[in-house]
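Read the structure below first, then the notes.
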Amino acid sequence: MRGRPPVDGHAITLHHRFPNETPELFQRMAADLVALKSDVLVSVGNVASPYARNATETIPVVFILVADPIGSKLVDSLARPSRNVTGLTNFVSEVVGRRLQLLKELVPELSRVGQLVNPNAAAARVNIELTREAAVRLGFAVQLFEARSVEELERAFDAVAAAGMQAVTVNPEGVAFQAREFIAKLALARRLALCAYSRETFEPGALMSYGTDHVAICRRAAVYVDRILKGAKPSDLPVEGPTKFEFLINLKTARAIGLEIPPIVLARADEVIE
């Protein structure tokens, strides 16, 4: 538990729980936070958010970094959330196609891409479909490789390399985030162009990333919490989509896997790591 000094006569206390992608912990930790009689629950990601929703029908819940709030049954409508739940999504369908287009520009002769998938993740299906659609448009083949946990990742990357993939892309979900450093090492050791989906999954050593600015979304969540604490109802706060996107390139990784990036692509990046 972390405390914060009083502001304007009020004290704010943050109670933090971290299940670390351990399934049996999500329900228990959500119940713990409800038992503390919290004024607002903030849930992060596709896995945690349904547990927060199921833990209470009265305490307001603000979710963040959820790919499909309607498909996850967190809300009935983005414009008019129902009951006690609202929040911010980090997903728009156009991002997947744009990410793969940029990967194709970074690797001009790209023809075979491995898609690392956790089939247990809530948004796996939609990411698989959107990736396949984009691959058809861009003229390369995509092959699925499954990893349900960190322990399955090395086997999956061995399969990616054995299948002759030139690059690998990861879906936005818990295992990929949790193991972002390990994934970067596995890709680099096999000289695979790793395509990440956020700054956080890019920084450990991926070749590139294109996606939403997760820090901006998390900061925006504080605005939702503030409005609820001041009396707003979650059902009156529309689910908000991402507005800021980042294209990031790691030149050090490019050199390590023997890739020369076209200058015109480098010029379009929001940030290039030397």
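Starting from 1 in every chain, residues are counted up; chains themselves are A, B, ... following the order of the structure tokens, and ligands are numbered from 1 as listed.
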> Hey, what's within 9 Å of Leu102 in chain A if we count only C-alpha atoms and toss same-chain stuff fewer than 6 positions away? As a VMD selection string, please?
Replying inline: chain A and resid 208 to 210 247 265
What are the nearest atom pairs, with distances in Å to one decimal, for all residues of range 7-49 of chain A that come at most 9 Å from range 221-225 of chain A, using only C-alpha atoms, set out by chain and rising residue number as JSON lines?
```
{"residue": "A:Val40", "atom": "CA", "partner": "A:Val225", "partner_atom": "CA", "distance": 7.0}
{"residue": "A:Leu41", "atom": "CA", "partner": "A:Val225", "partner_atom": "CA", "distance": 8.8}
{"residue": "A:Val42", "atom": "CA", "partner": "A:Val225", "partner_atom": "CA", "distance": 8.2}
```
With N, CA and C atoms retained, write the just-selected residues as a compact mmCIF listing (two decimals), in the first residue's frame.
```txt
# COMPACT_ATOMS: atom_id res chain seq x y z
N VAL A 40 -12.86 3.35 -5.92
CA VAL A 40 -12.78 3.04 -7.35
C VAL A 40 -11.78 1.90 -7.53
N LEU A 41 -12.10 0.96 -8.42
CA LEU A 41 -11.15 -0.07 -8.82
C LEU A 41 -10.60 0.30 -10.20
N VAL A 42 -9.30 0.21 -10.37
CA VAL A 42 -8.66 0.40 -11.68
C VAL A 42 -8.06 -0.94 -12.08
```
> What is the CA of Leu36 in chain A-CA of His15 in chain A distance in Å, reported with one decimal?
Replying inline: 8.7 Å
>> Show me, as a VMD selection string, the residues that have an atom within 9 Å of Val160 in chain A when counting only C-alpha atoms, minus same-chain residues fewer than 6 positions from it.
In response: chain A and resid 113 to 116 143 to 145 166 to 168 192
Save out the residues we just selected, N, CA and C atoms, as a PDB file, in the first residue's frame.
```pdb
ATOM      1  N   VAL A 113       6.228 -14.283 -42.033  1.00  0.00           N
ATOM      2  CA  VAL A 113       6.153 -13.691 -40.695  1.00  0.00           C
ATOM      3  C   VAL A 113       5.501 -14.675 -39.732  1.00  0.00           C
ATOM      4  N   GLY A 114       6.128 -14.885 -38.583  1.00  0.00           N
ATOM      5  CA  GLY A 114       5.531 -15.686 -37.535  1.00  0.00           C
ATOM      6  C   GLY A 114       4.735 -14.791 -36.587  1.00  0.00           C
ATOM      7  N   GLN A 115       3.546 -15.227 -36.244  1.00  0.00           N
ATOM      8  CA  GLN A 115       2.725 -14.486 -35.280  1.00  0.00           C
ATOM      9  C   GLN A 115       2.689 -15.276 -33.980  1.00  0.00           C
ATOM     10  N   LEU A 116       3.278 -14.693 -32.918  1.00  0.00           N
ATOM     11  CA  LEU A 116       3.293 -15.338 -31.615  1.00  0.00           C
ATOM     12  C   LEU A 116       1.954 -15.089 -30.934  1.00  0.00           C
ATOM     13  N   GLN A 143       2.300 -17.296 -40.279  1.00  0.00           N
ATOM     14  CA  GLN A 143       2.126 -18.600 -39.639  1.00  0.00           C
ATOM     15  C   GLN A 143       2.015 -18.407 -38.128  1.00  0.00           C
ATOM     16  N   LEU A 144       1.068 -19.102 -37.503  1.00  0.00           N
ATOM     17  CA  LEU A 144       0.831 -18.958 -36.065  1.00  0.00           C
ATOM     18  C   LEU A 144       1.765 -19.867 -35.270  1.00  0.00           C
ATOM     19  N   PHE A 145       2.242 -19.330 -34.131  1.00  0.00           N
ATOM     20  CA  PHE A 145       3.050 -20.093 -33.182  1.00  0.00           C
ATOM     21  C   PHE A 145       2.515 -19.788 -31.787  1.00  0.00           C
ATOM     22  N   GLN A 166      11.135 -14.913 -41.251  1.00  0.00           N
ATOM     23  CA  GLN A 166      12.081 -13.800 -41.278  1.00  0.00           C
ATOM     24  C   GLN A 166      11.822 -12.799 -40.156  1.00  0.00           C
ATOM     25  N   ALA A 167      10.610 -12.801 -39.653  1.00  0.00           N
ATOM     26  CA  ALA A 167      10.228 -11.855 -38.611  1.00  0.00           C
ATOM     27  C   ALA A 167       9.165 -12.501 -37.729  1.00  0.00           C
ATOM     28  N   VAL A 168       8.973 -11.921 -36.553  1.00  0.00           N
ATOM     29  CA  VAL A 168       7.933 -12.402 -35.650  1.00  0.00           C
ATOM     30  C   VAL A 168       7.240 -11.194 -35.023  1.00  0.00           C
ATOM     31  N   LEU A 192      15.892 -12.837 -35.755  1.00  0.00           N
ATOM     32  CA  LEU A 192      14.543 -12.561 -36.234  1.00  0.00           C
ATOM     33  C   LEU A 192      14.199 -11.099 -36.012  1.00  0.00           C
TER      34      LEU A 192
END
```
>> So that I can see what lies close to Ser111 in chain A, please list as a list in words the residues with an atom at most 10 Å from it, counting only C-alpha atoms and leaving out residues fewer than 2 positions away in the same chain.
In response: Lys104, Val107, Pro108, Glu109, Val113, Ala135, Leu138, Gly139, Phe140, Ala141, Val142, Met165, Gln166 and Ala167 of chain A
Please write the residues from the selection above to a file, keeping C-alpha atoms, as a short mmCIF file (atom, residue, chain, number, x, y, z; two decimals), in the first residue's frame.
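Once everything was written out, this is out30.cif:
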```
data_model
loop_
_atom_site.label_atom_id
_atom_site.label_comp_id
_atom_site.auth_asym_id
_atom_site.auth_seq_id
_atom_site.Cartn_x
_atom_site.Cartn_y
_atom_site.Cartn_z
CA LYS A 104 7.35 -4.65 -44.52
CA VAL A 107 12.34 -5.53 -44.23
CA PRO A 108 11.66 -4.97 -47.96
CA GLU A 109 12.10 -8.64 -48.94
CA VAL A 113 6.15 -13.69 -40.69
CA ALA A 135 -0.74 -9.97 -44.68
CA LEU A 138 0.83 -6.73 -48.16
CA GLY A 139 1.74 -9.92 -49.96
CA PHE A 140 3.40 -12.09 -47.33
CA ALA A 141 2.50 -15.27 -45.47
CA VAL A 142 1.73 -15.46 -41.73
CA MET A 165 10.34 -17.12 -40.64
CA GLN A 166 12.08 -13.80 -41.28
CA ALA A 167 10.23 -11.85 -38.61
#
```
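Considering only C-alpha atoms, the residue among A:Cys195, A:Leu188, A:Val92, A:Leu100 positioned nearest to Leu248 in chain A is A:Cys195.
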>> Please determine, counting only C-alpha atoms, which residue among A:Leu78, A:Ala162, A:Ala254, A:Ile264 has the shortest atom-to-atom distance to Pro238 in chain A.
In response: A:Leu78
> Contacts of Val150 in chain A at 10 Å or less, counting only C-alpha atoms, minus same-chain residues fewer than 5 places along, as a list of chain:residue names?
Replying inline: A:Glu21, A:Val175, A:Ala176, A:Gln178, A:Ala179, A:Arg180, A:Phe182, A:Ile183
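Distance check against Ile217 in chain A using only C-alpha atoms: of A:Arg155, A:Lys244, A:His16, A:Arg80, the minimum falls on A:Lys244.
Shortest atom-to-atom contact with Val239 in chain A among A:Arg220, A:Arg28, A:Arg112, A:Arg99: A:Arg220, counting only C-alpha atoms.
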From range 28-190 of chain A, collect each residue whose DSSP state is helix (DSSP H, G or I) and return the set as a PDB file with N, CA and C atoms, in the first residue's frame.
```
ATOM      1  N   ARG A  28      -8.827 -13.685  -6.450  1.00  0.00           N
ATOM      2  CA  ARG A  28      -8.566 -13.418  -5.045  1.00  0.00           C
ATOM      3  C   ARG A  28      -8.156 -11.970  -4.812  1.00  0.00           C
ATOM      4  N   MET A  29      -7.321 -11.452  -5.687  1.00  0.00           N
ATOM      5  CA  MET A  29      -6.841 -10.081  -5.503  1.00  0.00           C
ATOM      6  C   MET A  29      -7.936  -9.061  -5.772  1.00  0.00           C
ATOM      7  N   ALA A  30      -8.800  -9.353  -6.744  1.00  0.00           N
ATOM      8  CA  ALA A  30      -9.932  -8.453  -6.985  1.00  0.00           C
ATOM      9  C   ALA A  30     -10.839  -8.419  -5.762  1.00  0.00           C
ATOM     10  N   ALA A  31     -11.071  -9.585  -5.169  1.00  0.00           N
ATOM     11  CA  ALA A  31     -11.895  -9.646  -3.961  1.00  0.00           C
ATOM     12  C   ALA A  31     -11.240  -8.892  -2.810  1.00  0.00           C
ATOM     13  N   ASP A  32      -9.907  -8.968  -2.701  1.00  0.00           N
ATOM     14  CA  ASP A  32      -9.185  -8.225  -1.663  1.00  0.00           C
ATOM     15  C   ASP A  32      -9.454  -6.725  -1.772  1.00  0.00           C
ATOM     16  N   LEU A  33      -9.388  -6.205  -2.990  1.00  0.00           N
ATOM     17  CA  LEU A  33      -9.581  -4.772  -3.197  1.00  0.00           C
ATOM     18  C   LEU A  33     -11.011  -4.351  -2.898  1.00  0.00           C
ATOM     19  N   VAL A  34     -11.956  -5.207  -3.211  1.00  0.00           N
ATOM     20  CA  VAL A  34     -13.358  -4.913  -2.879  1.00  0.00           C
ATOM     21  C   VAL A  34     -13.543  -4.911  -1.368  1.00  0.00           C
ATOM     22  N   ALA A  35     -12.921  -5.871  -0.684  1.00  0.00           N
ATOM     23  CA  ALA A  35     -13.048  -5.970   0.767  1.00  0.00           C
ATOM     24  C   ALA A  35     -12.481  -4.745   1.474  1.00  0.00           C
ATOM     25  N   GLY A  45      -5.586  -4.232 -18.335  1.00  0.00           N
ATOM     26  CA  GLY A  45      -5.452  -5.308 -19.291  1.00  0.00           C
ATOM     27  C   GLY A  45      -6.669  -6.179 -19.477  1.00  0.00           C
ATOM     28  N   ASN A  46      -6.567  -7.037 -20.486  1.00  0.00           N
ATOM     29  CA  ASN A  46      -7.692  -7.885 -20.890  1.00  0.00           C
ATOM     30  C   ASN A  46      -8.027  -8.970 -19.878  1.00  0.00           C
ATOM     31  N   VAL A  47      -7.032  -9.464 -19.154  1.00  0.00           N
ATOM     32  CA  VAL A  47      -7.278 -10.554 -18.217  1.00  0.00           C
ATOM     33  C   VAL A  47      -7.835 -10.037 -16.907  1.00  0.00           C
ATOM     34  N   ALA A  48      -7.216  -9.002 -16.351  1.00  0.00           N
ATOM     35  CA  ALA A  48      -7.607  -8.514 -15.028  1.00  0.00           C
ATOM     36  C   ALA A  48      -8.986  -7.870 -15.011  1.00  0.00           C
ATOM     37  N   SER A  49      -9.355  -7.187 -16.082  1.00  0.00           N
ATOM     38  CA  SER A  49     -10.561  -6.360 -16.061  1.00  0.00           C
ATOM     39  C   SER A  49     -11.855  -7.143 -15.842  1.00  0.00           C
ATOM     40  N   PRO A  50     -12.067  -8.300 -16.470  1.00  0.00           N
ATOM     41  CA  PRO A  50     -13.285  -9.057 -16.167  1.00  0.00           C
ATOM     42  C   PRO A  50     -13.376  -9.497 -14.708  1.00  0.00           C
ATOM     43  N   TYR A  51     -12.238  -9.775 -14.079  1.00  0.00           N
ATOM     44  CA  TYR A  51     -12.265 -10.146 -12.661  1.00  0.00           C
ATOM     45  C   TYR A  51     -12.701  -8.966 -11.803  1.00  0.00           C
ATOM     46  N   ALA A  52     -12.229  -7.775 -12.147  1.00  0.00           N
ATOM     47  CA  ALA A  52     -12.648  -6.586 -11.402  1.00  0.00           C
ATOM     48  C   ALA A  52     -14.147  -6.348 -11.577  1.00  0.00           C
ATOM     49  N   ARG A  53     -14.634  -6.500 -12.808  1.00  0.00           N
ATOM     50  CA  ARG A  53     -16.062  -6.336 -13.068  1.00  0.00           C
ATOM     51  C   ARG A  53     -16.892  -7.351 -12.282  1.00  0.00           C
ATOM     52  N   ASN A  54     -16.437  -8.590 -12.236  1.00  0.00           N
ATOM     53  CA  ASN A  54     -17.199  -9.643 -11.563  1.00  0.00           C
ATOM     54  C   ASN A  54     -17.139  -9.542 -10.044  1.00  0.00           C
ATOM     55  N   ALA A  55     -16.156  -8.803  -9.532  1.00  0.00           N
ATOM     56  CA  ALA A  55     -15.961  -8.733  -8.086  1.00  0.00           C
ATOM     57  C   ALA A  55     -16.949  -7.790  -7.401  1.00  0.00           C
ATOM     58  N   GLU A  94      -7.182  -0.487 -37.227  1.00  0.00           N
ATOM     59  CA  GLU A  94      -6.242  -0.021 -38.243  1.00  0.00           C
ATOM     60  C   GLU A  94      -4.787  -0.148 -37.803  1.00  0.00           C
ATOM     61  N   VAL A  95      -4.559  -0.228 -36.498  1.00  0.00           N
ATOM     62  CA  VAL A  95      -3.188  -0.273 -35.990  1.00  0.00           C
ATOM     63  C   VAL A  95      -2.464  -1.527 -36.462  1.00  0.00           C
ATOM     64  N   VAL A  96      -3.152  -2.662 -36.496  1.00  0.00           N
ATOM     65  CA  VAL A  96      -2.511  -3.924 -36.867  1.00  0.00           C
ATOM     66  C   VAL A  96      -1.970  -3.850 -38.299  1.00  0.00           C
ATOM     67  N   GLY A  97      -2.796  -3.378 -39.211  1.00  0.00           N
ATOM     68  CA  GLY A  97      -2.363  -3.259 -40.594  1.00  0.00           C
ATOM     69  C   GLY A  97      -1.225  -2.286 -40.767  1.00  0.00           C
ATOM     70  N   ARG A  98      -1.299  -1.164 -40.075  1.00  0.00           N
ATOM     71  CA  ARG A  98      -0.235  -0.155 -40.162  1.00  0.00           C
ATOM     72  C   ARG A  98       1.075  -0.700 -39.605  1.00  0.00           C
ATOM     73  N   ARG A  99       0.996  -1.460 -38.513  1.00  0.00           N
ATOM     74  CA  ARG A  99       2.193  -2.048 -37.901  1.00  0.00           C
ATOM     75  C   ARG A  99       2.888  -2.985 -38.885  1.00  0.00           C
ATOM     76  N   LEU A 100       2.122  -3.829 -39.553  1.00  0.00           N
ATOM     77  CA  LEU A 100       2.711  -4.784 -40.492  1.00  0.00           C
ATOM     78  C   LEU A 100       3.206  -4.092 -41.755  1.00  0.00           C
ATOM     79  N   GLN A 101       2.550  -3.029 -42.160  1.00  0.00           N
ATOM     80  CA  GLN A 101       3.022  -2.263 -43.309  1.00  0.00           C
ATOM     81  C   GLN A 101       4.401  -1.678 -43.025  1.00  0.00           C
ATOM     82  N   LEU A 102       4.581  -1.135 -41.822  1.00  0.00           N
ATOM     83  CA  LEU A 102       5.878  -0.566 -41.447  1.00  0.00           C
ATOM     84  C   LEU A 102       6.940  -1.658 -41.335  1.00  0.00           C
ATOM     85  N   LEU A 103       6.557  -2.820 -40.829  1.00  0.00           N
ATOM     86  CA  LEU A 103       7.502  -3.941 -40.781  1.00  0.00           C
ATOM     87  C   LEU A 103       7.948  -4.326 -42.186  1.00  0.00           C
ATOM     88  N   LYS A 104       7.027  -4.334 -43.125  1.00  0.00           N
ATOM     89  CA  LYS A 104       7.346  -4.651 -44.521  1.00  0.00           C
ATOM     90  C   LYS A 104       8.305  -3.614 -45.104  1.00  0.00           C
ATOM     91  N   GLU A 105       8.136  -2.363 -44.734  1.00  0.00           N
ATOM     92  CA  GLU A 105       9.028  -1.312 -45.232  1.00  0.00           C
ATOM     93  C   GLU A 105      10.417  -1.426 -44.611  1.00  0.00           C
ATOM     94  N   LEU A 106      10.468  -1.895 -43.363  1.00  0.00           N
ATOM     95  CA  LEU A 106      11.759  -2.089 -42.707  1.00  0.00           C
ATOM     96  C   LEU A 106      12.508  -3.282 -43.293  1.00  0.00           C
ATOM     97  N   ALA A 124      -7.055 -12.700 -28.728  1.00  0.00           N
ATOM     98  CA  ALA A 124      -6.257 -13.465 -29.688  1.00  0.00           C
ATOM     99  C   ALA A 124      -6.943 -13.575 -31.037  1.00  0.00           C
ATOM    100  N   ARG A 125      -8.227 -13.907 -31.023  1.00  0.00           N
ATOM    101  CA  ARG A 125      -8.936 -14.159 -32.278  1.00  0.00           C
ATOM    102  C   ARG A 125      -8.930 -12.931 -33.181  1.00  0.00           C
ATOM    103  N   VAL A 126      -9.257 -11.770 -32.628  1.00  0.00           N
ATOM    104  CA  VAL A 126      -9.349 -10.578 -33.462  1.00  0.00           C
ATOM    105  C   VAL A 126      -7.980 -10.183 -33.987  1.00  0.00           C
ATOM    106  N   ASN A 127      -6.923 -10.368 -33.193  1.00  0.00           N
ATOM    107  CA  ASN A 127      -5.579 -10.052 -33.672  1.00  0.00           C
ATOM    108  C   ASN A 127      -5.136 -11.009 -34.784  1.00  0.00           C
ATOM    109  N   ILE A 128      -5.510 -12.274 -34.667  1.00  0.00           N
ATOM    110  CA  ILE A 128      -5.176 -13.248 -35.716  1.00  0.00           C
ATOM    111  C   ILE A 128      -5.869 -12.870 -37.015  1.00  0.00           C
ATOM    112  N   GLU A 129      -7.143 -12.548 -36.941  1.00  0.00           N
ATOM    113  CA  GLU A 129      -7.907 -12.201 -38.144  1.00  0.00           C
ATOM    114  C   GLU A 129      -7.369 -10.942 -38.805  1.00  0.00           C
ATOM    115  N   LEU A 130      -7.109  -9.910 -38.014  1.00  0.00           N
ATOM    116  CA  LEU A 130      -6.618  -8.651 -38.583  1.00  0.00           C
ATOM    117  C   LEU A 130      -5.221  -8.810 -39.173  1.00  0.00           C
ATOM    118  N   THR A 131      -4.392  -9.642 -38.539  1.00  0.00           N
ATOM    119  CA  THR A 131      -3.042  -9.879 -39.062  1.00  0.00           C
ATOM    120  C   THR A 131      -3.100 -10.622 -40.392  1.00  0.00           C
ATOM    121  N   ARG A 132      -3.964 -11.612 -40.484  1.00  0.00           N
ATOM    122  CA  ARG A 132      -4.107 -12.353 -41.737  1.00  0.00           C
ATOM    123  C   ARG A 132      -4.602 -11.450 -42.859  1.00  0.00           C
ATOM    124  N   GLU A 133      -5.586 -10.621 -42.567  1.00  0.00           N
ATOM    125  CA  GLU A 133      -6.118  -9.700 -43.575  1.00  0.00           C
ATOM    126  C   GLU A 133      -5.037  -8.752 -44.074  1.00  0.00           C
ATOM    127  N   ALA A 134      -4.250  -8.207 -43.136  1.00  0.00           N
ATOM    128  CA  ALA A 134      -3.186  -7.276 -43.528  1.00  0.00           C
ATOM    129  C   ALA A 134      -2.109  -7.992 -44.338  1.00  0.00           C
ATOM    130  N   ALA A 135      -1.772  -9.220 -43.965  1.00  0.00           N
ATOM    131  CA  ALA A 135      -0.745  -9.971 -44.682  1.00  0.00           C
ATOM    132  C   ALA A 135      -1.147 -10.222 -46.126  1.00  0.00           C
ATOM    133  N   VAL A 136      -2.421 -10.521 -46.356  1.00  0.00           N
ATOM    134  CA  VAL A 136      -2.909 -10.728 -47.722  1.00  0.00           C
ATOM    135  C   VAL A 136      -2.719  -9.461 -48.540  1.00  0.00           C
ATOM    136  N   ARG A 137      -3.081  -8.328 -47.966  1.00  0.00           N
ATOM    137  CA  ARG A 137      -2.928  -7.044 -48.674  1.00  0.00           C
ATOM    138  C   ARG A 137      -1.468  -6.737 -48.981  1.00  0.00           C
ATOM    139  N   LEU A 138      -0.583  -7.093 -48.036  1.00  0.00           N
ATOM    140  CA  LEU A 138       0.825  -6.726 -48.162  1.00  0.00           C
ATOM    141  C   LEU A 138       1.650  -7.767 -48.903  1.00  0.00           C
ATOM    142  N   VAL A 150       5.155 -18.173 -20.199  1.00  0.00           N
ATOM    143  CA  VAL A 150       6.562 -17.848 -20.404  1.00  0.00           C
ATOM    144  C   VAL A 150       7.361 -19.120 -20.674  1.00  0.00           C
ATOM    145  N   GLU A 151       6.999 -20.212 -20.003  1.00  0.00           N
ATOM    146  CA  GLU A 151       7.724 -21.460 -20.134  1.00  0.00           C
ATOM    147  C   GLU A 151       7.643 -22.042 -21.546  1.00  0.00           C
ATOM    148  N   GLU A 152       6.640 -21.659 -22.328  1.00  0.00           N
ATOM    149  CA  GLU A 152       6.473 -22.190 -23.672  1.00  0.00           C
ATOM    150  C   GLU A 152       7.135 -21.322 -24.751  1.00  0.00           C
ATOM    151  N   LEU A 153       7.709 -20.199 -24.357  1.00  0.00           N
ATOM    152  CA  LEU A 153       8.218 -19.256 -25.348  1.00  0.00           C
ATOM    153  C   LEU A 153       9.440 -19.774 -26.111  1.00  0.00           C
ATOM    154  N   GLU A 154      10.387 -20.362 -25.412  1.00  0.00           N
ATOM    155  CA  GLU A 154      11.602 -20.805 -26.103  1.00  0.00           C
ATOM    156  C   GLU A 154      11.274 -21.861 -27.151  1.00  0.00           C
ATOM    157  N   ARG A 155      10.398 -22.791 -26.801  1.00  0.00           N
ATOM    158  CA  ARG A 155       9.970 -23.802 -27.771  1.00  0.00           C
ATOM    159  C   ARG A 155       9.303 -23.148 -28.976  1.00  0.00           C
ATOM    160  N   ALA A 156       8.477 -22.133 -28.714  1.00  0.00           N
ATOM    161  CA  ALA A 156       7.792 -21.441 -29.807  1.00  0.00           C
ATOM    162  C   ALA A 156       8.786 -20.745 -30.730  1.00  0.00           C
ATOM    163  N   PHE A 157       9.799 -20.100 -30.164  1.00  0.00           N
ATOM    164  CA  PHE A 157      10.784 -19.405 -30.995  1.00  0.00           C
ATOM    165  C   PHE A 157      11.665 -20.390 -31.762  1.00  0.00           C
ATOM    166  N   ASP A 158      11.933 -21.539 -31.173  1.00  0.00           N
ATOM    167  CA  ASP A 158      12.656 -22.568 -31.922  1.00  0.00           C
ATOM    168  C   ASP A 158      11.846 -22.989 -33.147  1.00  0.00           C
ATOM    169  N   ALA A 159      10.529 -23.091 -32.972  1.00  0.00           N
ATOM    170  CA  ALA A 159       9.656 -23.472 -34.083  1.00  0.00           C
ATOM    171  C   ALA A 159       9.607 -22.366 -35.136  1.00  0.00           C
ATOM    172  N   VAL A 160       9.600 -21.114 -34.702  1.00  0.00           N
ATOM    173  CA  VAL A 160       9.607 -19.978 -35.629  1.00  0.00           C
ATOM    174  C   VAL A 160      10.860 -20.033 -36.507  1.00  0.00           C
ATOM    175  N   ALA A 161      12.010 -20.241 -35.871  1.00  0.00           N
ATOM    176  CA  ALA A 161      13.265 -20.283 -36.618  1.00  0.00           C
ATOM    177  C   ALA A 161      13.316 -21.494 -37.548  1.00  0.00           C
ATOM    178  N   ALA A 162      12.862 -22.649 -37.053  1.00  0.00           N
ATOM    179  CA  ALA A 162      12.890 -23.864 -37.863  1.00  0.00           C
ATOM    180  C   ALA A 162      11.994 -23.757 -39.085  1.00  0.00           C
ATOM    181  N   GLY A 174      -1.007 -10.327 -21.987  1.00  0.00           N
ATOM    182  CA  GLY A 174      -0.228 -10.379 -20.767  1.00  0.00           C
ATOM    183  C   GLY A 174       1.097 -11.108 -20.846  1.00  0.00           C
ATOM    184  N   VAL A 175       1.138 -12.281 -21.459  1.00  0.00           N
ATOM    185  CA  VAL A 175       2.378 -13.043 -21.521  1.00  0.00           C
ATOM    186  C   VAL A 175       3.433 -12.286 -22.324  1.00  0.00           C
ATOM    187  N   ALA A 176       3.032 -11.682 -23.439  1.00  0.00           N
ATOM    188  CA  ALA A 176       3.978 -10.924 -24.264  1.00  0.00           C
ATOM    189  C   ALA A 176       4.552  -9.738 -23.496  1.00  0.00           C
ATOM    190  N   PHE A 177       3.733  -9.112 -22.665  1.00  0.00           N
ATOM    191  CA  PHE A 177       4.229  -7.987 -21.864  1.00  0.00           C
ATOM    192  C   PHE A 177       5.116  -8.483 -20.736  1.00  0.00           C
ATOM    193  N   GLN A 178       4.649  -9.495 -20.035  1.00  0.00           N
ATOM    194  CA  GLN A 178       5.389 -10.042 -18.902  1.00  0.00           C
ATOM    195  C   GLN A 178       6.784 -10.509 -19.319  1.00  0.00           C
ATOM    196  N   ARG A 180       8.601  -9.603 -22.041  1.00  0.00           N
ATOM    197  CA  ARG A 180       9.100  -8.762 -23.130  1.00  0.00           C
ATOM    198  C   ARG A 180      10.634  -8.816 -23.259  1.00  0.00           C
ATOM    199  N   GLU A 181      11.350  -8.867 -22.145  1.00  0.00           N
ATOM    200  CA  GLU A 181      12.808  -8.932 -22.222  1.00  0.00           C
ATOM    201  C   GLU A 181      13.264 -10.299 -22.740  1.00  0.00           C
ATOM    202  N   PHE A 182      12.635 -11.345 -22.269  1.00  0.00           N
ATOM    203  CA  PHE A 182      12.975 -12.703 -22.709  1.00  0.00           C
ATOM    204  C   PHE A 182      12.671 -12.882 -24.191  1.00  0.00           C
ATOM    205  N   ILE A 183      11.534 -12.344 -24.640  1.00  0.00           N
ATOM    206  CA  ILE A 183      11.151 -12.440 -26.045  1.00  0.00           C
ATOM    207  C   ILE A 183      12.175 -11.726 -26.930  1.00  0.00           C
ATOM    208  N   ALA A 184      12.626 -10.559 -26.506  1.00  0.00           N
ATOM    209  CA  ALA A 184      13.620  -9.820 -27.283  1.00  0.00           C
ATOM    210  C   ALA A 184      14.922 -10.620 -27.410  1.00  0.00           C
ATOM    211  N   LYS A 185      15.334 -11.278 -26.332  1.00  0.00           N
ATOM    212  CA  LYS A 185      16.555 -12.084 -26.363  1.00  0.00           C
ATOM    213  C   LYS A 185      16.396 -13.301 -27.279  1.00  0.00           C
ATOM    214  N   LEU A 186      15.230 -13.936 -27.197  1.00  0.00           N
ATOM    215  CA  LEU A 186      14.980 -15.108 -28.042  1.00  0.00           C
ATOM    216  C   LEU A 186      14.998 -14.727 -29.523  1.00  0.00           C
ATOM    217  N   ALA A 187      14.392 -13.592 -29.870  1.00  0.00           N
ATOM    218  CA  ALA A 187      14.355 -13.150 -31.263  1.00  0.00           C
ATOM    219  C   ALA A 187      15.747 -12.778 -31.758  1.00  0.00           C
ATOM    220  N   LEU A 188      16.499 -12.065 -30.933  1.00  0.00           N
ATOM    221  CA  LEU A 188      17.837 -11.632 -31.333  1.00  0.00           C
ATOM    222  C   LEU A 188      18.756 -12.826 -31.539  1.00  0.00           C
ATOM    223  N   ALA A 189      18.665 -13.821 -30.656  1.00  0.00           N
ATOM    224  CA  ALA A 189      19.526 -15.001 -30.776  1.00  0.00           C
ATOM    225  C   ALA A 189      19.262 -15.767 -32.059  1.00  0.00           C
TER     226      ALA A 189
END
```
>> DSSP on the backbone: which residues in range 37-250 of chain A end up as strand (DSSP E or B)? Give the answer as a PyMOL selection string.
In response: chain A and resi 41-44+61-66+85-89+112-117+141-146+167-170+193-196+208-212+240+245-250
